[in-house]
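Trainee: File start24.cif below, mmCIF, C-alpha atoms:
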```cif
data_upload
#
loop_
_atom_site.label_atom_id
_atom_site.label_comp_id
_atom_site.auth_asym_id
_atom_site.auth_seq_id
_atom_site.Cartn_x
_atom_site.Cartn_y
_atom_site.Cartn_z
CA MET A 120 91.29 71.41 -13.74
CA ARG A 121 87.68 70.27 -13.87
CA GLN A 122 85.71 68.09 -11.49
CA ARG A 123 85.16 64.47 -12.48
CA THR A 124 82.42 61.92 -12.05
CA LEU A 125 81.60 58.47 -13.42
CA LYS A 126 80.43 57.92 -17.00
CA GLN A 127 77.97 55.16 -16.13
CA VAL A 128 76.38 53.15 -13.33
CA LEU A 129 78.24 50.01 -12.26
CA SER A 130 77.65 47.45 -9.48
CA ALA A 131 79.62 44.78 -7.63
CA THR A 132 78.79 42.28 -4.90
CA GLY A 133 80.91 41.07 -1.99
CA ILE A 134 80.91 40.56 1.76
CA GLY A 135 81.60 42.93 4.63
CA LEU A 136 84.91 42.38 6.44
CA HIS A 137 83.41 43.02 9.87
CA SER A 138 79.72 42.23 9.37
CA GLY A 139 80.30 39.12 7.27
CA LYS A 140 77.12 40.01 5.34
CA ARG A 141 76.62 39.94 1.59
CA VAL A 142 76.36 43.46 0.14
CA THR A 143 75.81 44.99 -3.29
CA LEU A 144 77.68 48.21 -4.07
CA THR A 145 76.49 50.49 -6.88
CA LEU A 146 78.50 53.47 -8.13
CA ARG A 147 76.51 56.23 -9.86
CA PRO A 148 77.41 59.56 -11.50
CA ALA A 149 76.66 62.75 -9.55
CA PRO A 150 76.36 66.43 -10.54
CA PRO A 151 79.18 68.95 -9.97
CA ASP A 152 79.79 69.98 -6.33
CA THR A 153 77.90 66.95 -4.99
CA GLY A 154 81.00 65.36 -3.47
CA ILE A 155 80.97 61.69 -2.45
CA VAL A 156 77.60 60.63 -1.04
CA PHE A 157 76.99 57.13 0.33
CA ARG A 158 73.42 55.86 0.53
CA ARG A 159 71.81 52.98 2.44
CA VAL A 160 69.16 51.84 -0.03
CA ASP A 161 68.08 48.95 2.21
CA LEU A 162 66.55 51.40 4.71
CA ASN A 163 63.06 52.85 4.38
CA PRO A 164 63.37 55.66 3.60
CA PRO A 165 66.94 55.47 2.24
CA VAL A 166 69.53 57.45 4.23
CA ASP A 167 72.19 59.61 2.53
CA PHE A 168 75.65 60.00 4.07
CA PRO A 169 77.62 62.90 2.52
CA VAL A 170 81.25 62.42 3.46
CA GLY A 171 82.90 65.03 5.67
CA ALA A 172 85.34 65.19 8.55
CA THR A 173 82.57 65.30 11.16
CA ALA A 174 80.47 62.59 9.48
CA ILE A 175 82.75 59.84 10.81
CA GLY A 176 81.66 58.20 14.07
CA ASP A 177 83.12 54.83 15.06
CA THR A 178 86.78 54.34 14.05
CA ARG A 179 87.41 50.92 15.59
CA MET A 180 89.17 48.89 12.88
CA ALA A 181 87.50 50.98 10.12
CA SER A 182 86.10 54.41 9.25
CA THR A 183 82.34 54.48 9.78
CA LEU A 184 79.84 57.10 8.60
CA GLU A 185 77.00 57.75 11.03
CA ARG A 186 73.75 59.66 10.52
CA ASP A 187 70.36 59.57 12.25
CA GLY A 188 71.16 56.28 13.97
CA ALA A 189 72.25 54.58 10.71
CA LYS A 190 75.80 53.57 9.75
CA ILE A 191 78.00 52.68 6.80
CA SER A 192 81.33 51.18 7.79
CA THR A 193 84.67 50.33 6.19
CA ILE A 194 84.59 53.13 3.63
CA GLU A 195 88.35 53.81 3.62
CA HIS A 196 89.50 51.49 0.78
CA LEU A 197 86.83 52.75 -1.61
CA MET A 198 87.53 56.36 -0.59
CA SER A 199 91.22 55.74 -1.30
CA ALA A 200 90.41 54.50 -4.81
CA LEU A 201 88.11 57.47 -5.47
CA CYS A 202 90.88 59.84 -4.37
CA GLY A 203 93.54 58.00 -6.36
CA LEU A 204 91.49 58.16 -9.56
CA GLY A 205 90.43 61.78 -9.03
CA VAL A 206 86.68 61.20 -8.61
CA ASP A 207 85.12 64.35 -7.14
CA ASN A 208 81.43 63.49 -7.34
CA ALA A 209 79.66 60.13 -6.99
CA TYR A 210 76.69 58.44 -5.38
CA ILE A 211 77.49 55.12 -3.73
CA ASP A 212 74.51 52.89 -2.99
CA LEU A 213 74.74 50.01 -0.51
CA ASP A 214 72.11 47.47 0.55
CA ALA A 215 73.84 46.64 3.84
CA VAL A 216 75.77 48.29 6.66
CA GLU A 217 79.26 47.88 5.22
CA VAL A 218 81.24 48.46 2.02
CA PRO A 219 82.37 45.05 0.66
CA ILE A 220 85.96 44.18 1.51
CA MET A 221 86.69 42.59 -1.91
CA ASP A 222 90.34 41.36 -1.74
CA GLY A 223 91.26 43.58 1.23
CA SER A 224 92.91 46.31 -0.86
CA ALA A 225 91.69 49.15 -3.09
CA ILE A 226 92.48 47.50 -6.43
CA SER A 227 89.00 45.98 -7.00
CA PHE A 228 87.46 49.44 -6.55
CA VAL A 229 90.05 50.90 -8.92
CA PHE A 230 89.05 48.37 -11.60
CA LEU A 231 85.36 49.08 -10.99
CA ILE A 232 85.84 52.84 -11.37
CA GLN A 233 88.00 52.37 -14.46
CA GLN A 234 85.34 50.12 -15.99
CA ALA A 235 82.67 52.74 -15.32
CA GLY A 236 84.91 55.39 -16.88
CA LEU A 237 85.30 59.04 -15.91
CA ILE A 238 84.07 62.29 -17.45
CA GLU A 239 85.07 65.89 -16.80
CA GLN A 240 82.36 68.26 -15.60
CA SER A 241 81.76 71.97 -16.04
CA ALA A 242 82.84 73.07 -12.54
CA LEU A 243 86.44 73.71 -11.49
CA LYS A 244 88.04 71.10 -9.25
CA LYS A 245 88.35 72.23 -5.63
CA PHE A 246 91.36 71.49 -3.44
CA ILE A 247 92.05 71.95 0.26
CA ARG A 248 95.45 73.59 0.61
CA VAL A 249 97.15 73.25 4.00
CA LYS A 250 98.43 76.66 5.13
CA LYS A 251 99.93 75.78 8.50
CA SER A 252 100.88 72.60 10.37
CA VAL A 253 98.24 70.70 12.32
CA GLU A 254 99.15 67.71 14.50
CA ILE A 255 97.38 65.15 16.70
CA ARG A 256 99.45 63.18 19.23
CA GLU A 257 98.55 60.38 21.61
CA GLY A 258 100.67 58.78 24.32
CA ASP A 259 104.41 59.08 24.75
CA GLY A 260 107.51 56.91 24.68
CA ALA A 261 106.71 53.39 23.46
CA HIS A 262 103.01 54.34 23.25
CA LEU A 263 103.48 57.44 21.08
CA LYS A 264 101.26 57.87 18.02
CA TYR A 265 100.90 60.95 15.87
CA ALA A 266 99.52 62.27 12.60
CA ARG A 267 100.42 65.63 11.07
CA LEU A 268 99.52 67.75 8.05
CA LYS A 269 101.81 70.55 6.92
CA PRO A 270 102.13 72.85 3.90
CA PHE A 271 103.56 71.31 0.73
CA ASN A 272 102.88 72.17 -2.90
CA GLY A 273 101.78 68.68 -3.89
CA PHE A 274 100.59 65.51 -2.18
CA ARG A 275 103.15 63.56 -0.16
CA LEU A 276 102.71 60.97 2.59
CA CYS A 277 105.28 59.65 5.07
CA PHE A 278 104.25 56.75 7.31
CA GLU A 279 106.14 54.62 9.86
CA ILE A 280 104.79 51.52 11.62
CA ASP A 281 105.99 49.58 14.67
CA PHE A 282 104.06 46.38 15.42
CA GLY A 283 106.84 44.39 17.08
CA HIS A 284 105.87 41.28 15.10
CA PRO A 285 108.59 39.13 13.48
CA ALA A 286 106.83 38.83 10.11
CA ILE A 287 106.16 42.57 9.89
CA ASP A 288 109.59 43.52 11.25
CA LYS A 289 111.21 41.74 8.27
CA THR A 290 109.47 44.12 5.86
CA GLY A 291 109.79 47.86 5.26
CA GLN A 292 108.70 49.82 8.33
CA LYS A 293 108.70 53.29 6.79
CA VAL A 294 107.67 54.67 3.42
CA GLU A 295 107.73 58.14 1.87
CA ILE A 296 105.48 58.60 -1.14
CA ASP A 297 105.44 61.70 -3.33
CA PHE A 298 102.62 61.17 -5.80
CA ALA A 299 104.28 63.49 -8.30
CA ARG A 300 106.60 60.51 -8.89
CA THR A 301 104.63 57.48 -7.66
CA SER A 302 101.65 55.62 -9.12
CA PHE A 303 98.75 55.01 -6.74
CA VAL A 304 97.45 52.10 -8.84
CA HIS A 305 100.78 50.34 -9.32
CA ASP A 306 102.49 51.06 -6.01
CA ILE A 307 99.77 51.44 -3.34
CA ALA A 308 96.33 50.19 -4.42
CA ARG A 309 97.13 46.45 -4.15
CA ALA A 310 98.29 46.58 -0.50
CA ARG A 311 95.92 44.48 1.64
CA THR A 312 94.59 44.88 5.14
CA PHE A 313 96.11 42.57 7.76
CA GLY A 314 95.35 40.94 11.09
CA PHE A 315 96.51 38.45 13.68
CA THR A 316 95.00 35.06 14.57
CA GLN A 317 95.39 35.77 18.30
CA ASP A 318 93.03 38.75 17.94
CA VAL A 319 90.27 36.94 16.04
CA GLU A 320 88.26 35.70 19.03
CA THR A 321 88.32 39.12 20.74
CA LEU A 322 87.30 40.91 17.53
CA ARG A 323 84.47 38.50 16.78
CA ASN A 324 83.13 38.87 20.31
CA LEU A 325 82.92 42.59 19.49
CA GLY A 326 81.08 41.85 16.25
CA LEU A 327 84.17 42.62 14.13
CA ALA A 328 86.14 40.63 11.51
CA LEU A 329 83.21 38.24 10.96
CA GLY A 330 83.92 38.15 7.21
CA GLY A 331 87.72 38.09 7.36
CA ASN A 332 89.68 35.27 5.74
CA LEU A 333 92.85 34.54 3.78
CA ASP A 334 91.19 35.75 0.57
CA ASN A 335 90.64 39.30 1.84
CA ALA A 336 93.43 39.92 4.37
CA ILE A 337 97.02 39.12 5.23
CA VAL A 338 96.72 36.87 8.28
CA MET A 339 99.53 36.14 10.73
CA ASP A 340 100.01 33.86 13.71
CA GLU A 341 102.59 34.80 16.36
CA TYR A 342 105.52 34.27 13.99
CA ARG A 343 104.64 34.13 10.32
CA ILE A 344 102.34 35.05 7.45
CA LEU A 345 99.76 32.33 6.79
CA ASN A 346 98.82 33.36 3.23
CA ALA A 347 100.30 30.85 0.79
CA ASP A 348 101.03 33.52 -1.83
CA GLY A 349 102.97 35.76 0.57
CA LEU A 350 103.14 39.52 0.12
CA ARG A 351 102.37 41.66 -2.94
CA TYR A 352 104.94 44.31 -1.98
CA ASP A 353 108.06 43.96 0.16
CA ASP A 354 106.59 46.72 2.35
CA GLU A 355 102.91 45.81 1.98
CA PHE A 356 102.03 46.43 5.64
CA VAL A 357 103.13 50.05 5.75
CA LYS A 358 101.79 50.66 2.25
CA HIS A 359 98.36 49.49 3.38
CA LYS A 360 98.52 52.03 6.19
CA VAL A 361 99.22 54.68 3.52
CA LEU A 362 96.26 53.37 1.48
CA ASP A 363 94.03 53.71 4.55
CA ALA A 364 95.36 57.21 5.26
CA ILE A 365 94.60 58.39 1.71
CA GLY A 366 90.99 57.23 2.14
CA ASP A 367 90.69 58.70 5.63
CA LEU A 368 92.03 62.06 4.45
CA TYR A 369 89.74 62.16 1.40
CA VAL A 370 86.77 62.09 3.77
CA ILE A 371 87.49 65.81 4.17
CA GLY A 372 85.72 66.29 0.84
CA HIS A 373 88.43 67.46 -1.57
CA PRO A 374 91.98 66.47 -2.59
CA ILE A 375 94.55 67.82 -0.16
CA ILE A 376 97.50 69.95 -1.23
CA GLY A 377 99.90 69.24 1.60
CA GLU A 378 102.16 66.71 3.29
CA TYR A 379 101.00 64.04 5.74
CA HIS A 380 103.33 62.51 8.34
CA ALA A 381 102.28 59.68 10.64
CA TYR A 382 103.76 57.31 13.18
CA ARG A 383 101.56 54.35 14.19
CA SER A 384 98.45 56.30 13.22
CA GLY A 385 95.07 54.74 12.45
CA HIS A 386 91.53 55.68 11.44
CA GLY A 387 90.76 57.47 14.70
CA LEU A 388 93.86 59.66 14.69
CA ASN A 389 93.46 60.39 10.97
CA ASN A 390 89.90 61.58 11.52
CA GLN A 391 90.91 63.72 14.50
CA LEU A 392 93.54 65.28 12.24
CA ILE A 393 91.14 66.39 9.49
CA ARG A 394 88.64 67.57 12.12
CA ALA A 395 91.39 69.73 13.64
CA LEU A 396 92.29 71.10 10.20
CA VAL A 397 88.76 72.17 9.25
CA ALA A 398 88.16 73.58 12.74
CA ASP A 399 90.94 76.13 12.23
CA PRO A 400 90.10 78.61 9.44
CA ASP A 401 93.73 79.80 9.40
CA ALA A 402 95.05 76.29 8.73
CA PHE A 403 93.58 75.77 5.26
CA GLU A 404 91.96 77.34 2.23
CA ILE A 405 89.82 75.98 -0.58
CA VAL A 406 91.40 76.75 -3.95
CA THR A 407 90.76 76.19 -7.66
CA PHE A 408 93.09 76.55 -10.65
CA GLU A 409 92.03 78.13 -13.94
CA SER A 410 95.30 77.07 -15.59
CA VAL A 411 96.94 73.66 -15.50
CA ARG A 412 100.31 75.44 -15.19
CA GLU A 413 99.23 76.84 -11.82
CA THR A 414 98.31 73.40 -10.50
CA PRO A 415 100.78 71.35 -8.40
CA THR A 416 102.58 68.85 -10.64
CA VAL A 417 100.97 65.84 -8.98
CA PHE A 418 97.49 66.93 -10.15
CA ARG A 419 98.39 67.95 -13.71
CA SER A 420 97.98 64.43 -15.06
CA ASP A 421 96.50 61.16 -13.89
CA TRP A 422 98.87 60.57 -10.97
CA ALA A 423 97.05 57.34 -10.19
CA VAL A 424 98.44 55.44 -13.16
CA ALA A 425 101.41 57.51 -14.31
#
```
Written as structure tokens, how would this file's structure read?
Mentor:
Amino acid sequence: MRQRTLKQVLSATGIGLHSGKRVTLTLRPAPPDTGIVFRRVDLNPPVDFPVGATAIGDTRMASTLERDGAKISTIEHLMSALCGLGVDNAYIDLDAVEVPIMDGSAISFVFLIQQAGLIEQSALKKFIRVKKSVEIREGDGAHLKYARLKPFNGFRLCFEIDFGHPAIDKTGQKVEIDFARTSFVHDIARARTFGFTQDVETLRNLGLALGGNLDNAIVMDEYRILNADGLRYDDEFVKHKVLDAIGDLYVIGHPIIGEYHAYRSGHGLNNQLIRALVADPDAFEIVTFESVRETPTVFRSDWAVA
């Protein structure tokens, strides 16, 4: 089980979901044990943002890296694709404050990574194995939200949503995904972000959702979905929350061997969860596997496209 990076440099251009600004994204290979490092190349001098649980600042509507007064926001969809395709090391250059939203899912990033290609490196792949349960809870009753990690010899996610919206209520509200049997690319990566027309004015007054439209999000009024092509999955809403969670968890720096449970969780709760995990030395360990036979089944092959 070796670490992996990109074979070649590849770039793409898009707009930021919240900033509305044009941005060029460039993916570059990185040496073993580098991890995922974002870089603002539009700043002088450029600022590097190594991902890590404590590197996340603002979590309103997105996961945002912050360092020395600089920011890179909306990293979660790209991080989800990097996790899903098993990329351990990469430099990610941006010439603006936000990762481009592309079509609102992770699939454009998947295609970009696949086009760049992947190579194995000399160093063993490192995993974070959950040794005991860690949970973050907020509110109670109708306002309850929680996110939990617990020991499991693989990678499994269970997520339940409750938006109380007629269009969402008609779709699947809960999903359980064991990636030993499920393809990230086929079953998760195409799930798009979503929003509500009644929230647009408030968000834009906060400087958010300035680049959002029907081409990069599922948009709903009070009753229905406004996108002419409808949904990509019957349970696309909850699957997008899983997509976000995979990216938020991968910010920890390595693939997680464990099980994630969440109810109405979001970027903030997910980040609190991985912060709580790394803050407790008894809750996790970093492991490598010399033999493929020792590795959890989910990581023995390319679980992303199986």
Trainee: Rounded to one decimal, what separation in Å do you get between CA of Ala209 (chain A) and CA of Leu368 (chain A)?
Mentor: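 Going from CA of Ala209 (chain A) over to CA of Leu368 (chain A), I get 17.0 Å.
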Trainee: Using 8 Å as the limit and counting only C-alpha atoms, can you tabulate each residue of region 287-378 of chain A that touches region 133-157 of chain A, with its shortest atom-to-atom distance in Å and the two atoms involved, as JSON lines?
Mentor:
```
{"residue": "A:Gly326", "atom": "CA", "partner": "A:His137", "partner_atom": "CA", "distance": 6.9}
{"residue": "A:Leu327", "atom": "CA", "partner": "A:His137", "partner_atom": "CA", "distance": 4.3}
{"residue": "A:Ala328", "atom": "CA", "partner": "A:His137", "partner_atom": "CA", "distance": 4.0}
{"residue": "A:Leu329", "atom": "CA", "partner": "A:Gly139", "partner_atom": "CA", "distance": 4.8}
{"residue": "A:Gly330", "atom": "CA", "partner": "A:Gly139", "partner_atom": "CA", "distance": 3.7}
{"residue": "A:Gly331", "atom": "CA", "partner": "A:Leu136", "partner_atom": "CA", "distance": 5.2}
{"residue": "A:Asn335", "atom": "CA", "partner": "A:Leu136", "partner_atom": "CA", "distance": 8.0}
{"residue": "A:Gly372", "atom": "CA", "partner": "A:Gly154", "partner_atom": "CA", "distance": 6.5}
{"residue": "A:His373", "atom": "CA", "partner": "A:Gly154", "partner_atom": "CA", "distance": 8.0}
```
Trainee: Fewer than 2 positions away in the same chain doesn't count, so skip those; otherwise give me all residues within 10 Å of Tyr352 (chain A), counting all atoms listed in the file, as JSON, numbers by chain.
Mentor: {"A": [290, 291, 306, 307, 309, 310, 311, 349, 350, 354, 355, 356, 357, 358, 359]}
Trainee: Given the file shown, enumerate the residues that the PyMOL selection byres ((chain A and resi 276) around 12) captures and present them as a ChimeraX atom specification.
Mentor: /A:266-271,273-275,277-279,293-299,301,303,307,357-358,360-365,368,375-382
Trainee: Which residue, A:Pro400, A:Gly387, A:Ile371, A:Gly203, has the smallest gap to Ala174 (chain A) when you use only C-alpha atoms?
Mentor: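 So, comparing all the options, the nearest one is A:Ile371.
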Trainee: On this structure, the PyMOL selection byres ((chain A and resi 213) around 10) would catch which residues? List them as a ChimeraX atom specification, sorted by chain and number.
Mentor: /A:130,132,142-146,157-162,165,191,210-212,214-219
Trainee: Can you report as JSON the centre and edge lengths in Å, to one decimal, of an axis-aligned box around the listed atoms of region 262-265 of chain A padded with 8 Å on each side?
Mentor:
```
{"center_x": 102.2, "center_y": 57.6, "center_z": 19.6, "size_x": 18.6, "size_y": 22.6, "size_z": 23.4}
```
Trainee: Please build the interface table for region 166-212 of chain A against region 232-251 of chain A with a cut-off of 12 Å, listing for each qualifying residue the nearest atom pair and the distance in Å to one decimal; count only C-alpha atoms, order rows by chain and increasing number, and write it as a Markdown table.
Mentor:
```
| residue | atom | partner | partner_atom | distance |
| --- | --- | --- | --- | --- |
| A:Leu197 | CA | A:Ile232 | CA | 9.8 |
| A:Met198 | CA | A:Ile232 | CA | 11.5 |
| A:Ser199 | CA | A:Ile232 | CA | 11.8 |
| A:Ala200 | CA | A:Ile232 | CA | 8.2 |
| A:Leu201 | CA | A:Ile232 | CA | 7.8 |
| A:Cys202 | CA | A:Ile232 | CA | 11.1 |
| A:Gly203 | CA | A:Ile232 | CA | 10.5 |
| A:Leu204 | CA | A:Ile232 | CA | 8.0 |
| A:Gly205 | CA | A:Leu237 | CA | 9.0 |
| A:Val206 | CA | A:Leu237 | CA | 7.7 |
| A:Asp207 | CA | A:Lys244 | CA | 7.7 |
| A:Asn208 | CA | A:Gln240 | CA | 9.6 |
| A:Ala209 | CA | A:Ile232 | CA | 10.5 |
| A:Ile211 | CA | A:Ile232 | CA | 11.5 |
```
Trainee: Between CA of Gly260 (chain A) and CA of Ser384 (chain A), what is the spacing in Å?
Mentor: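 For CA of Ser384 (chain A) relative to CA of Gly260 (chain A), the distance reads 14.6 Å.
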Trainee: Which of these residues is nearest to Ala336 (chain A), using all atoms listed in the file: A:Gln391, A:Ser224, A:Gln292, A:Ser302?
Mentor: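 Looking only at the distances to Ala336 (chain A), the closest residue turns out to be A:Ser224.
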Trainee: Counting all atoms listed in the file, select every polymer residue within 10 Å of (92.2, 67.5, 11.4) as defined in the file's coordinates, and provide the selection as a PyMOL selection string.
Mentor: chain A and resi 172-173+253-255+266-268+368+371+388-399+402
Trainee: Quick one: of A:Ala181, A:Pro374, A:Ser192, A:Pro169, who's nearest to Ile405 (chain A), counting only C-alpha atoms?
Mentor: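 Nearest candidate to Ile405 (chain A) out of A:Ala181, A:Pro374, A:Ser192, A:Pro169: A:Pro374.
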Trainee: Please compute the CA of Val128 (chain A)-CA of Val166 (chain A) distance, one decimal, in Å.
Mentor: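 Value for the CA of Val128 (chain A)-CA of Val166 (chain A) distance: 19.3 Å.
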Trainee: Name the residues that the PyMOL selection byres ((chain A and resi 317) around 12) picks from the file above, as a PyMOL selection string, using the file's chain letters and numbers.
Mentor: chain A and resi 314-316+318-323+338-342
Trainee: Measuring atom to atom with only C-alpha atoms, identify which of A:Val417, A:Val411, A:Ile194, A:Ala347 is nearest to Arg121 (chain A).
Mentor: A:Val411
